[in-house]
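Below is one structure; the comments refer to it alone.
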Amino acid sequence: PLQQASVVLETLAVKGRAPTTDYRRVQFGDGWILVGSCDTRNIILNRDLQSPVISSDCKVNSGTLIDPYTGKTLMFQRGPSSSALIQIDHVVALSNAWQTGAQQLTLEQRIAFANDPLELLAVDGEANQAKGDGDAATWLPANKAFRCQYVARQIAVKAKYNLWVTQAEKD
């Protein structure tokens, strides 16, 4: 059964951050995995964009994103100079996950984490870059109407993968 984020939050351990020692992106896999013939990036674009146009090889070529982080409407057009304008964000940044328990997961579990649709959102590239590896205590979306959903999603991801929160995050 679905539980309120505030209830789930109370089940998460509260600890300090572990060091980033040995953290490298590759410890969460070497990129997007294939699900059938589609990679995770295109699966998320297809889920999150309105009116996606998809090629026969499962690539999303265009669509419209109502960006949850900024509230802006963005047009997506696949191409070398335009694809990065819409990025797939790891809601719980991989570095933050590493510092809050993911280093204890197996490589297979970390790859699953990095490709889990619960953990991924198509967002404005600039907002994603501004977030960096921030947690909920250091970064929240500019779009205030989305903040509760964003925090609830972080809690759900951390609960699913048995990660902890810092006291500042919990507060």
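Here, A, B, ... name the chains of the structure tokens in the order displayed, residue numbers run from 1 inside each chain, and ligands are numbered from 1 in the same displayed order.
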Give me, as a tab-separated table, the closest atom pair and its distance (Å, one decimal) for every residue of region 100-119 of chain A within a cut-off of 12 Å of region 37-56 of chain A, counting only C-alpha atoms, rows sorted by chain and rising number.
```
residue	atom	partner	partner_atom	distance
A:Ile111	CA	A:Thr40	CA	11.3
A:Ala112	CA	A:Thr40	CA	10.7
A:Phe113	CA	A:Thr40	CA	11.7
A:Ala114	CA	A:Thr40	CA	9.5
A:Asn115	CA	A:Thr40	CA	6.3
A:Asp116	CA	A:Thr40	CA	8.4
A:Pro117	CA	A:Ile44	CA	7.0
A:Leu118	CA	A:Ile44	CA	10.0
A:Glu119	CA	A:Ile44	CA	10.4
```
How would the residues just picked look written out with all heavy atoms as a short mmCIF file (atom, residue, chain, number, x, y, z; two decimals), in the first residue's frame?
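Result file follows (out_30.cif):
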```cif
data_model
loop_
_atom_site.label_atom_id
_atom_site.label_comp_id
_atom_site.auth_asym_id
_atom_site.auth_seq_id
_atom_site.Cartn_x
_atom_site.Cartn_y
_atom_site.Cartn_z
N ILE A 111 23.43 -0.39 -10.37
CA ILE A 111 23.00 -0.21 -11.77
C ILE A 111 21.47 -0.11 -11.82
O ILE A 111 20.92 0.76 -12.52
CB ILE A 111 23.53 -1.35 -12.66
CG1 ILE A 111 25.06 -1.22 -12.81
CG2 ILE A 111 22.86 -1.33 -14.03
CD1 ILE A 111 25.72 -2.43 -13.46
N ALA A 112 20.80 -0.97 -11.06
CA ALA A 112 19.33 -0.91 -11.01
C ALA A 112 18.88 0.45 -10.46
O ALA A 112 17.94 1.06 -10.98
CB ALA A 112 18.78 -2.05 -10.14
N PHE A 113 19.54 0.93 -9.42
CA PHE A 113 19.25 2.23 -8.82
C PHE A 113 19.36 3.34 -9.87
O PHE A 113 18.45 4.15 -10.04
CB PHE A 113 20.22 2.48 -7.67
CG PHE A 113 20.09 3.83 -7.02
CD1 PHE A 113 19.24 4.02 -5.94
CD2 PHE A 113 20.82 4.92 -7.47
CE1 PHE A 113 19.12 5.26 -5.33
CE2 PHE A 113 20.70 6.16 -6.87
CZ PHE A 113 19.85 6.33 -5.80
N ALA A 114 20.47 3.37 -10.60
CA ALA A 114 20.74 4.44 -11.57
C ALA A 114 19.79 4.42 -12.76
O ALA A 114 19.68 5.41 -13.48
CB ALA A 114 22.19 4.35 -12.06
N ASN A 115 19.10 3.30 -12.96
CA ASN A 115 18.19 3.16 -14.09
C ASN A 115 16.73 2.97 -13.66
O ASN A 115 15.87 2.67 -14.49
CB ASN A 115 18.63 1.98 -14.96
CG ASN A 115 19.87 2.30 -15.76
OD1 ASN A 115 19.81 2.86 -16.84
ND2 ASN A 115 21.03 1.97 -15.21
N ASP A 116 16.44 3.17 -12.39
CA ASP A 116 15.10 2.97 -11.85
C ASP A 116 14.20 4.16 -12.23
O ASP A 116 14.52 5.30 -11.90
CB ASP A 116 15.19 2.85 -10.33
CG ASP A 116 13.87 2.48 -9.67
OD1 ASP A 116 12.79 2.77 -10.24
OD2 ASP A 116 13.93 1.93 -8.56
N PRO A 117 13.09 3.92 -12.91
CA PRO A 117 12.21 5.03 -13.29
C PRO A 117 11.73 5.87 -12.10
O PRO A 117 11.47 7.07 -12.28
CB PRO A 117 11.03 4.33 -13.97
CG PRO A 117 11.61 3.06 -14.50
CD PRO A 117 12.64 2.64 -13.48
N LEU A 118 11.63 5.29 -10.92
CA LEU A 118 11.26 6.06 -9.73
C LEU A 118 12.30 7.14 -9.44
O LEU A 118 11.98 8.22 -8.96
CB LEU A 118 11.13 5.12 -8.52
CG LEU A 118 10.79 5.76 -7.17
CD1 LEU A 118 9.40 6.39 -7.21
CD2 LEU A 118 10.91 4.74 -6.05
N GLU A 119 13.55 6.85 -9.77
CA GLU A 119 14.70 7.70 -9.46
C GLU A 119 14.98 8.72 -10.57
O GLU A 119 15.83 9.58 -10.41
CB GLU A 119 15.88 6.75 -9.20
CG GLU A 119 17.27 7.25 -9.41
CD GLU A 119 17.79 8.21 -8.35
OE1 GLU A 119 17.02 8.82 -7.63
OE2 GLU A 119 19.02 8.38 -8.26
#
```
Expected answer as a ChimeraX atom specification: strand (DSSP E) residues in chain A:
/A:34-35,38-39,50-54,60-66,73-77,86-90,120-124
Kindly assemble as a tab-separated table a list of the region 7-51 of chain A residues that lie within 10 Å of region 89-96 of chain A, each paired with its nearest atom pair and their distance in Å to one decimal, using only C-alpha atoms, sorted first by chain and then by ascending residue number.
```
residue	atom	partner	partner_atom	distance
A:Arg17	CA	A:Asn96	CA	8.2
A:Ala18	CA	A:Asn96	CA	9.2
A:Pro19	CA	A:Ser95	CA	9.9
A:Thr20	CA	A:Ser95	CA	7.2
A:Tyr23	CA	A:Ser95	CA	6.9
A:Arg24	CA	A:Ser95	CA	8.1
A:Arg25	CA	A:Leu94	CA	7.3
A:Gln27	CA	A:Leu94	CA	9.3
A:Phe28	CA	A:Leu94	CA	7.7
A:Arg41	CA	A:Asp89	CA	9.9
```
Can you tell me, as a list in words, what residues are no more than 9 Å from Lys15 (chain A) when counting only C-alpha atoms, ignoring any on the same chain fewer than 5 positions away?
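Counting only C-alpha atoms, the residues come to Thr100, Trp164, Val165, Thr166 and Gln167 of chain A.
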Can you spit out the residues from that selection as a compact mmCIF listing (two decimals), in the first residue's frame, using all heavy atoms?
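Wrote it out as out_11.txt, contents follow:
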```
# COMPACT_ATOMS: atom_id res chain seq x y z
N THR A 100 25.20 8.03 1.26
CA THR A 100 24.14 7.69 2.22
C THR A 100 23.74 6.21 2.11
O THR A 100 22.59 5.87 2.34
CB THR A 100 22.91 8.61 2.04
OG1 THR A 100 22.42 8.52 0.69
CG2 THR A 100 23.24 10.06 2.37
N TRP A 164 20.10 6.17 3.79
CA TRP A 164 19.73 7.00 4.93
C TRP A 164 19.68 8.47 4.53
O TRP A 164 20.03 8.83 3.41
CB TRP A 164 20.68 6.77 6.11
CG TRP A 164 22.12 7.19 5.92
CD1 TRP A 164 22.62 8.45 6.01
CD2 TRP A 164 23.24 6.34 5.65
NE1 TRP A 164 23.98 8.45 5.82
CE2 TRP A 164 24.38 7.16 5.60
CE3 TRP A 164 23.38 4.98 5.45
CZ2 TRP A 164 25.66 6.66 5.35
CZ3 TRP A 164 24.65 4.47 5.21
CH2 TRP A 164 25.77 5.30 5.16
N VAL A 165 19.20 9.29 5.47
CA VAL A 165 19.17 10.73 5.28
C VAL A 165 20.02 11.37 6.37
O VAL A 165 20.21 10.80 7.44
CB VAL A 165 17.72 11.31 5.35
CG1 VAL A 165 16.91 10.85 4.15
CG2 VAL A 165 17.03 10.96 6.65
N THR A 166 20.51 12.57 6.08
CA THR A 166 21.18 13.35 7.12
C THR A 166 20.10 14.05 7.95
O THR A 166 18.94 14.14 7.52
CB THR A 166 22.13 14.40 6.53
OG1 THR A 166 21.33 15.34 5.79
CG2 THR A 166 23.18 13.77 5.61
N GLN A 167 20.47 14.54 9.09
CA GLN A 167 19.49 15.28 9.92
C GLN A 167 18.96 16.50 9.16
O GLN A 167 17.77 16.79 9.20
CB GLN A 167 20.10 15.70 11.26
CG GLN A 167 19.07 16.27 12.22
CD GLN A 167 17.98 15.27 12.59
OE1 GLN A 167 18.27 14.17 13.05
NE2 GLN A 167 16.71 15.62 12.38
```
Shell of 9 Å around Ile88 (chain A), only C-alpha atoms, local chain residues under 5 positions omitted, as a PyMOL selection string
chain A and resi 41+44-45+120-125+128
Put those residues in a file: N, CA, C and O atoms, as a short mmCIF file (atom, residue, chain, number, x, y, z; two decimals), in the first residue's frame.
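Done, and the output landed in selection_21.cif:
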```cif
data_model
loop_
_atom_site.label_atom_id
_atom_site.label_comp_id
_atom_site.auth_asym_id
_atom_site.auth_seq_id
_atom_site.Cartn_x
_atom_site.Cartn_y
_atom_site.Cartn_z
N ARG A 41 17.21 6.25 -20.95
CA ARG A 41 16.99 7.67 -21.25
C ARG A 41 15.75 7.85 -22.14
O ARG A 41 14.90 8.69 -21.86
N ILE A 44 12.44 7.18 -20.32
CA ILE A 44 12.03 8.28 -19.45
C ILE A 44 11.54 9.47 -20.29
O ILE A 44 10.54 10.11 -19.95
N LEU A 45 12.23 9.77 -21.39
CA LEU A 45 11.75 10.85 -22.27
C LEU A 45 10.35 10.53 -22.78
O LEU A 45 9.47 11.38 -22.77
N LEU A 120 14.25 8.63 -11.69
CA LEU A 120 14.60 9.43 -12.87
C LEU A 120 13.46 10.36 -13.30
O LEU A 120 12.30 9.97 -13.31
N LEU A 121 13.86 11.58 -13.69
CA LEU A 121 12.92 12.57 -14.23
C LEU A 121 13.56 13.32 -15.38
O LEU A 121 14.73 13.73 -15.28
N ALA A 122 12.82 13.54 -16.44
CA ALA A 122 13.27 14.43 -17.51
C ALA A 122 13.09 15.87 -17.01
O ALA A 122 12.01 16.22 -16.54
N VAL A 123 14.17 16.65 -17.08
CA VAL A 123 14.14 18.00 -16.52
C VAL A 123 14.95 18.97 -17.38
O VAL A 123 15.76 18.55 -18.21
N ASP A 124 14.77 20.25 -17.10
CA ASP A 124 15.56 21.31 -17.71
C ASP A 124 17.04 21.08 -17.41
O ASP A 124 17.42 20.90 -16.24
N GLY A 125 17.88 21.06 -18.44
CA GLY A 125 19.31 20.80 -18.27
C GLY A 125 19.99 21.76 -17.32
O GLY A 125 20.81 21.35 -16.49
N ASN A 128 19.11 20.95 -13.74
CA ASN A 128 19.80 19.74 -13.33
C ASN A 128 21.26 20.05 -12.99
O ASN A 128 21.81 19.55 -12.01
#
```
CA of Asp171 (chain A) to CA of Thr138 (chain A): how many Å, to one decimal?
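Separation between CA of Asp171 (chain A) and CA of Thr138 (chain A): 11.5 Å.
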Have a look at CA of Glu126 (chain A) and CA of Gly31 (chain A) and let me know their distance in Å, one decimal.
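Those two atoms sit 20.4 Å apart.
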Could you list, as a PyMOL selection string, every residue within 12 Å of Leu163 (chain A), counting only C-alpha atoms and ignoring same-chain residues fewer than 5 positions away?
chain A and resi 9+11-18+92+94+96-105+110+113+154-158
Considering only C-alpha atoms, can you say which of A:Thr21, A:Thr70, A:Asn61, A:Gln109 comes closest to Ala145 (chain A)?
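Going through A:Thr21, A:Thr70, A:Asn61, A:Gln109 one by one, the smallest distance to Ala145 (chain A) is for A:Thr70.
Closest approach to Tyr161 (chain A) among A:Ser81, A:Thr106, A:Gln149, A:Thr64: A:Thr106, based on only C-alpha atoms.
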Assign secondary structure with DSSP using the backbone only, and return the residues of region 2-73 of chain A in helix (DSSP H, G or I) as a ChimeraX atom specification.
/A:5-9,40-48
